[in-house]
$ cat query.cif   # mmCIF, C-alpha atoms
data_protein
#
loop_
_atom_site.label_atom_id
_atom_site.label_comp_id
_atom_site.auth_asym_id
_atom_site.auth_seq_id
_atom_site.Cartn_x
_atom_site.Cartn_y
_atom_site.Cartn_z
CA MET U 1 81.27 62.68 -9.60
CA ASN U 2 83.47 65.70 -8.90
CA GLY U 3 82.63 68.46 -6.40
CA ARG U 4 81.35 70.88 -9.00
CA ALA U 5 78.98 68.34 -10.56
CA ARG U 6 77.74 67.30 -7.12
CA GLU U 7 76.99 70.91 -6.21
CA ASN U 8 75.20 71.45 -9.52
CA ARG U 9 73.01 68.45 -8.84
CA LEU U 10 72.30 69.71 -5.34
CA ILE U 11 71.28 73.15 -6.63
CA GLY U 12 69.08 71.46 -9.22
CA ARG U 13 67.33 69.44 -6.53
CA LEU U 14 66.90 72.45 -4.23
CA LEU U 15 65.55 74.87 -6.83
CA GLY U 16 63.77 72.44 -9.16
CA PRO U 17 62.79 73.19 -12.75
CA ALA U 18 62.22 76.81 -13.75
CA GLY U 19 59.07 76.46 -15.85
CA PRO U 20 55.52 75.31 -15.17
CA GLU U 21 55.19 71.63 -14.36
CA LEU U 22 52.53 69.00 -13.85
CA SER U 23 51.60 67.61 -10.44
CA CYS U 24 52.57 64.04 -9.51
CA GLU U 25 48.94 62.98 -10.04
CA ARG U 26 48.78 64.43 -13.56
CA CYS U 27 52.19 62.99 -14.33
CA PHE U 28 51.00 59.50 -13.38
CA ALA U 29 47.79 59.96 -15.38
CA GLU U 30 49.74 60.94 -18.51
CA LEU U 31 52.77 58.67 -18.12
CA ASP U 32 51.60 55.84 -20.39
CA ARG U 33 50.65 58.23 -23.21
CA TYR U 34 53.89 60.18 -22.81
CA VAL U 35 56.08 57.08 -23.04
CA GLU U 36 54.22 55.72 -26.07
CA LEU U 37 54.61 59.09 -27.81
CA GLU U 38 58.34 59.05 -27.03
CA ARG U 39 58.68 55.54 -28.39
CA ALA U 40 56.80 56.52 -31.53
CA GLY U 41 59.27 59.37 -32.09
CA ALA U 42 56.54 61.99 -31.62
CA ASP U 43 57.05 65.28 -29.76
CA ALA U 44 55.85 64.07 -26.36
CA ASN U 45 56.91 67.31 -24.64
CA ALA U 46 54.75 69.42 -26.93
CA ALA U 47 51.81 67.02 -26.58
CA ILE U 48 51.97 67.05 -22.77
CA PRO U 49 53.31 70.43 -21.60
CA GLY U 50 54.83 70.46 -18.12
CA MET U 51 55.65 66.75 -18.15
CA ARG U 52 59.36 67.12 -18.90
CA ALA U 53 59.75 69.78 -16.21
CA HIS U 54 58.03 67.56 -13.67
CA LEU U 55 60.26 64.62 -14.51
CA GLU U 56 63.27 66.89 -13.93
CA GLY U 57 61.90 68.01 -10.58
CA CYS U 58 60.50 64.77 -9.15
CA SER U 59 62.96 61.91 -8.88
CA ALA U 60 60.27 59.35 -7.99
CA CYS U 61 58.19 60.14 -11.08
CA ALA U 62 61.39 60.19 -13.16
CA GLU U 63 62.14 56.66 -11.95
CA ASP U 64 58.59 55.55 -12.85
CA HIS U 65 59.10 57.04 -16.31
CA GLU U 66 62.40 55.26 -16.74
CA SER U 67 60.90 51.97 -15.55
CA LEU U 68 57.99 52.11 -18.00
CA ARG U 69 60.33 52.93 -20.87
CA ALA U 70 62.60 50.03 -19.89
CA MET U 71 59.66 47.64 -19.51
CA LEU U 72 58.27 48.48 -22.95
CA SER U 73 61.71 48.24 -24.50
CA GLU U 74 62.11 44.75 -23.09
CA GLN U 75 58.64 43.76 -24.29
CA GLY U 76 59.42 45.12 -27.72
CA ARG U 77 62.58 43.07 -28.20
CA MET N 1 40.90 53.00 -28.48
CA ASP N 2 42.61 50.11 -30.25
CA GLU N 3 40.78 46.81 -30.60
CA GLU N 4 42.92 44.86 -28.16
CA SER N 5 42.56 47.52 -25.44
CA ARG N 6 38.81 47.70 -25.94
CA ARG N 7 38.62 43.91 -25.52
CA TRP N 8 40.60 44.09 -22.27
CA VAL N 9 38.23 46.69 -20.82
CA GLU N 10 35.09 44.81 -21.88
CA ARG N 11 36.33 41.53 -20.44
CA LEU N 12 37.31 43.14 -17.13
CA ARG N 13 33.99 44.88 -16.52
CA PRO N 14 31.86 43.38 -13.73
CA ASP N 15 29.53 41.88 -16.36
CA GLY N 16 32.35 40.75 -18.69
CA ARG N 17 31.61 37.36 -20.25
CA ASP N 18 34.97 35.78 -19.43
CA ARG N 19 35.95 38.09 -16.60
CA GLU N 20 37.56 35.38 -14.48
CA GLU N 21 39.89 34.42 -17.29
CA ALA N 22 40.68 38.08 -18.00
CA LEU N 23 41.52 38.63 -14.32
CA VAL N 24 43.98 35.73 -14.42
CA GLU N 25 45.61 37.17 -17.55
CA LEU N 26 45.77 40.65 -16.02
CA ARG N 27 47.32 39.24 -12.88
CA GLN N 28 50.02 37.54 -14.98
CA LEU N 29 50.70 40.75 -16.87
CA LEU N 30 51.02 42.77 -13.66
CA LEU N 31 53.21 40.16 -12.05
CA ARG N 32 55.53 40.26 -15.05
CA ALA N 33 55.90 44.04 -14.68
CA ALA N 34 56.36 43.86 -10.90
CA ARG N 35 59.03 41.17 -11.22
CA PHE N 36 60.80 43.25 -13.86
CA GLU N 37 60.90 46.24 -11.52
CA VAL N 38 61.86 44.24 -8.44
CA ARG N 39 64.69 42.57 -10.33
CA ARG N 40 66.00 45.90 -11.63
CA ARG N 41 65.96 47.57 -8.24
CA CYS N 42 67.00 44.69 -6.03
CA ASP N 43 70.24 44.35 -7.96
CA ARG N 44 71.17 47.58 -6.18
CA LEU N 45 69.73 46.75 -2.75
CA SER N 46 71.38 44.30 -0.39
CA GLN N 47 68.42 44.44 2.07
CA ILE N 48 66.16 42.45 -0.25
CA ARG N 49 67.03 38.89 -1.12
CA GLY N 50 65.66 35.70 -2.64
CA GLY N 51 62.14 34.87 -1.42
CA ASP N 52 61.58 38.48 -0.45
CA GLU N 53 61.76 39.48 -4.08
CA ASP N 54 58.88 37.32 -5.18
CA ASP N 55 56.78 38.33 -2.16
CA LEU N 56 57.34 41.97 -3.10
CA ALA N 57 56.37 41.33 -6.71
CA GLN N 58 53.22 39.42 -5.72
CA GLN N 59 52.20 42.14 -3.28
CA SER N 60 52.83 44.90 -5.81
CA ALA N 61 50.90 43.08 -8.55
CA GLY N 62 47.99 42.58 -6.13
CA ASP N 63 47.93 46.26 -5.18
CA ALA N 64 48.11 47.25 -8.84
CA MET N 65 45.22 44.90 -9.66
CA VAL N 66 43.00 46.58 -7.06
CA ALA N 67 43.93 50.05 -8.35
CA ILE N 68 43.30 49.11 -11.98
CA LEU N 69 39.90 47.54 -11.37
CA SER N 70 38.80 50.60 -9.41
CA LYS N 71 40.01 52.96 -12.17
CA LEU N 72 38.91 50.97 -15.21
CA ASP N 73 36.49 53.73 -16.23
CA ASP N 74 39.39 56.23 -16.26
CA PHE N 75 41.10 54.36 -19.10
CA ARG N 76 40.41 56.39 -22.24
CA GLY N 77 42.56 54.48 -24.69
CA GLN N 78 45.22 57.18 -24.97
CA SER N 79 47.78 54.38 -24.81
CA LYS N 80 47.55 50.62 -25.12
CA PHE N 81 45.73 49.03 -22.19
CA THR N 82 48.80 46.95 -21.38
CA THR N 83 51.01 50.08 -21.14
CA TRP N 84 48.43 51.71 -18.88
CA ALA N 85 48.29 48.58 -16.70
CA TYR N 86 52.07 48.17 -16.51
CA LYS N 87 52.53 51.62 -15.02
CA PHE N 88 50.39 50.70 -11.99
CA SER N 89 52.43 47.62 -11.27
CA LEU N 90 55.78 49.36 -11.80
CA TYR N 91 54.63 52.23 -9.56
CA GLU N 92 53.55 49.89 -6.76
CA ALA N 93 56.73 47.83 -6.97
CA ALA N 94 59.00 50.89 -6.98
CA ALA N 95 57.22 52.52 -4.03
CA THR N 96 57.21 49.27 -2.04
CA ILE N 97 60.92 48.74 -2.62
CA ARG N 98 61.81 52.32 -1.69
CA LYS N 99 59.89 51.90 1.56
CA ARG N 100 61.48 48.52 2.23
CA ALA N 101 64.96 49.93 1.69
CA TRP N 102 64.30 52.59 4.35
CA GLN N 103 62.46 50.33 6.77
CA GLY N 104 63.71 50.83 10.32
CA ARG N 105 65.98 53.71 9.33
CA GLU N 106 65.67 57.09 10.95
CA LEU N 107 64.83 59.77 8.41
CA PRO N 108 67.33 62.62 8.17
CA LEU N 109 65.07 65.67 8.44
CA GLU N 110 67.76 68.13 9.46
CA ALA N 111 70.16 69.86 7.11
CA GLU N 112 73.08 67.42 7.38
CA GLN N 113 74.26 67.13 3.83
CA TRP N 114 75.47 70.61 2.94
CA PRO N 115 78.75 70.51 1.09
CA LEU N 116 81.54 72.19 3.00
CA LEU N 117 82.06 75.56 1.41
CA PRO N 118 85.70 76.56 1.10
CA ASP N 119 87.02 79.54 3.01
CA PRO N 120 86.70 82.81 1.12
CA GLY N 121 89.83 83.49 -0.87
CA PRO N 122 91.19 83.42 -4.40
CA ALA N 123 89.10 81.03 -6.50
CA PRO N 124 88.00 80.83 -10.12
CA GLN N 125 85.06 83.09 -10.86
CA GLY N 126 82.66 80.20 -11.46
CA GLU N 127 83.42 78.65 -8.09
CA VAL N 128 82.88 81.94 -6.29
CA GLU N 129 79.46 82.28 -7.91
CA MET N 130 78.56 78.69 -7.08
CA ASN N 131 79.59 79.12 -3.45
CA ASP N 132 77.69 82.41 -3.19
CA LEU N 133 74.60 80.78 -4.64
CA LEU N 134 74.78 77.84 -2.25
CA ALA N 135 75.30 80.15 0.72
CA ALA N 136 72.33 82.28 -0.34
CA ILE N 137 70.11 79.22 -0.80
CA ARG N 138 71.09 78.01 2.63
CA GLU N 139 70.20 81.35 4.19
CA GLU N 140 66.89 81.58 2.37
CA ILE N 141 65.91 78.07 3.46
CA GLU N 142 66.31 79.24 7.04
CA THR N 143 64.57 82.58 6.66
CA SER N 144 62.08 82.47 3.77
CA LEU N 145 60.38 79.09 4.09
CA THR N 146 57.66 77.93 6.44
CA PRO N 147 58.69 75.17 8.88
CA ARG N 148 56.76 72.61 6.80
CA GLN N 149 58.38 73.75 3.54
CA ARG N 150 61.82 73.62 5.19
CA GLU N 151 61.23 70.12 6.56
CA VAL N 152 60.06 68.74 3.22
CA LEU N 153 62.70 70.49 1.11
CA VAL N 154 65.56 69.46 3.39
CA ALA N 155 64.41 65.82 3.56
CA LEU N 156 63.68 65.41 -0.16
CA ALA N 157 66.14 67.70 -1.92
CA LEU N 158 69.06 67.93 0.46
CA ASN N 159 69.03 64.54 2.17
CA GLU N 160 67.46 62.64 -0.75
CA VAL N 161 64.85 60.79 1.28
CA PRO N 162 62.50 59.10 -1.25
CA ILE N 163 59.19 60.93 -1.44
CA ASP N 164 57.08 57.79 -0.84
CA VAL N 165 59.06 57.06 2.31
CA LEU N 166 58.62 60.60 3.62
CA ALA N 167 54.92 60.52 2.72
CA GLU N 168 54.43 57.34 4.73
CA ARG N 169 56.25 58.69 7.79
CA LEU N 170 54.44 62.04 7.69
CA ASP N 171 51.08 60.39 6.97
CA SER N 172 50.81 62.28 3.70
CA THR N 173 50.88 61.48 -0.03
CA ARG N 174 53.46 61.84 -2.79
CA GLY N 175 51.32 64.49 -4.50
CA ALA N 176 50.76 66.55 -1.36
CA LEU N 177 54.46 66.53 -0.45
CA TYR N 178 55.50 67.42 -3.97
CA LYS N 179 53.18 70.43 -3.83
CA VAL N 180 54.96 71.58 -0.65
CA LEU N 181 58.34 71.01 -2.33
CA HIS N 182 57.20 72.91 -5.43
CA ASP N 183 56.00 75.89 -3.36
CA ALA N 184 59.26 75.90 -1.38
CA ARG N 185 61.30 75.92 -4.58
CA ARG N 186 59.22 78.76 -6.02
CA ARG N 187 59.75 80.76 -2.86
CA LEU N 188 63.48 80.15 -2.92
CA ARG N 189 63.74 81.16 -6.57
CA SER N 190 61.79 84.32 -5.89
CA ALA N 191 63.96 85.21 -2.86
CA LEU N 192 67.13 84.62 -4.87
CA ALA N 193 65.81 86.76 -7.74
CA GLU N 194 65.23 89.55 -5.25
CA ARG N 195 68.91 89.27 -4.35
CA GLY N 196 69.71 89.78 -8.03
CA MET N 197 70.85 86.21 -8.61
CA ILE N 198 70.01 85.18 -12.17
CA LEU N 199 69.57 81.50 -11.59
CA ASP N 200 68.90 80.02 -14.96
CA GLU N 201 71.93 81.59 -16.60
CA GLN N 202 74.14 80.54 -13.71
CA MET N 203 72.81 76.99 -13.80
CA GLU N 204 73.35 76.74 -17.53
CA GLU N 205 76.91 77.98 -17.24
CA HIS N 206 77.71 75.03 -15.04
CA GLU N 207 75.93 72.31 -17.03
#
$ encode --input "query.cif" --output "structure tokens"
Amino acid sequence: MNGRARENRLIGRLLGPAGPELSCERCFAELDRYVELERAGADANAAIPGMRAHLEGCSACAEDHESLRAMLSEQGR
Amino acid sequence: MDEESRRWVERLRPDGRDREEALVELRQLLLRAARFEVRRRCDRLSQIRGGDEDDLAQQSAGDAMVAILSKLDDFRGQSKFTTWAYKFSLYEAAATIRKRAWQGRELPLEAEQWPLLPDPGPAPQGEVEMNDLLAAIREEIETSLTPRQREVLVALALNEVPIDVLAERLDSTRGALYKVLHDARRRLRSALAERGMILDEQMEEHE
């Protein structure tokens, strides 16, 4: 990663997402529904407002999201 | 709620007819998810090896089992029961591994990771703006945030300490620390806006 990209990432982490976002607790509560909507090709972001912003702002919840998607993809093979 | 999910919930209730069998099946399902997560993450971590991996998966599946049985009434059928259950096991495994990876390490709570800003001088316009923004953020962290907000923001956002690890060391929770981080970010954005820095446009320019 070059210097500019690294600084962009740093600014992103420091300032977080601009819009309203869910809490970690709400994110966890909605994660299973969100991932199933994504997999079904539905508009998960419209169905669960604030989820996408939270996943951009919270790296731990983003990892949980990625893990659940990966797990279901493997199960679905 | 789909038929299969409804059957899971009925069987797992305290008065479920074949509860013992359902518990064994749930345990297997959770262990499968925990092993999946441990395998994915341990590929990247040299601290965790061999027998450790299965211990971590077993422990995570056990913790997930306890959480699921205590929250069974919260399941509303908005997803399949198995998807709902997997997320507990994946969550426990990920948090356990993050903590294990940082075990015995001192947490960097001071601002150590700032990129070195170049000396002022001729530079492309975009770089000047980026450097100005970083310098302003750095100043506002020192002057606009409470000590708690500064500590949490610096550890999580600047030094990239995992939030579960910081929560454990500060005797807090992921949710409580994220709230502090969120408030700190809002305060920074507001302070930068007062300086006339239009953040979103600047960020987008550099995407």
$ closest_atom_pairs --input "query.cif" --of "chain U" --to "chain N" --cutoff "8 Å" --atoms "all atoms listed in the file" --output "tab-separated table"
residue	atom	partner	partner_atom	distance
U:Glu7	CA	N:Pro115	CA	7.5
U:Asn8	CA	N:His206	CA	7.0
U:Leu10	CA	N:Leu158	CA	6.9
U:Ile11	CA	N:Leu134	CA	7.3
U:Arg13	CA	N:Ala157	CA	5.1
U:Leu14	CA	N:Ala157	CA	5.3
U:Leu15	CA	N:Arg185	CA	4.9
U:Gly16	CA	N:Arg185	CA	6.3
U:Ala18	CA	N:Asp200	CA	7.5
U:Ser23	CA	N:Gly175	CA	6.7
U:Cys24	CA	N:Gly175	CA	5.2
U:Glu25	CA	N:Gly175	CA	6.2
U:Leu31	CA	N:Lys87	CA	7.7
U:Asp32	CA	N:Trp84	CA	5.4
U:Arg33	CA	N:Ser79	CA	5.1
U:Glu36	CA	N:Ser79	CA	6.7
U:Cys58	CA	N:Tyr178	CA	7.7
U:Ala60	CA	N:Ile163	CA	6.8
U:Asp64	CA	N:Tyr91	CA	6.1
U:Ser67	CA	N:Leu90	CA	6.9
U:Leu68	CA	N:Lys87	CA	6.2
U:Met71	CA	N:Ala33	CA	7.1
U:Leu72	CA	N:Thr83	CA	7.7
$ resolve_selection --input "query.cif" --expression "the PyMOL selection byres ((chain U and resi 19) around 9)" --output "NGL selection string"
:U and (17-18 or 20-21 or 50 or 53)
$ atom_distance --input "query.cif" --atom1 "atom CA of U:Ala29" --atom2 "atom CA of N:Arg148"
27.1 Å
$ atom_distance --input "query.cif" --atom1 "atom CA of U:Ala62" --atom2 "atom CA of U:Phe28"
10.4 Å
$ residues_around --input "query.cif" --residues "N:Glu20" --least-positions-apart "5" --cutoff "9 Å" --atoms "all atoms listed in the file" --output "PyMOL selection string"
chain N and resi 11-12+25
$ atom_distance --input "query.cif" --atom1 "atom CA of N:Ser70" --atom2 "atom CA of U:Cys61"
21.7 Å
$ resolve_selection --input "query.cif" --expression "the PyMOL selection byres ((chain N and resi 65) around 8)" --output "PyMOL selection string"
chain N and resi 26-27+30+61-64+66-69+89
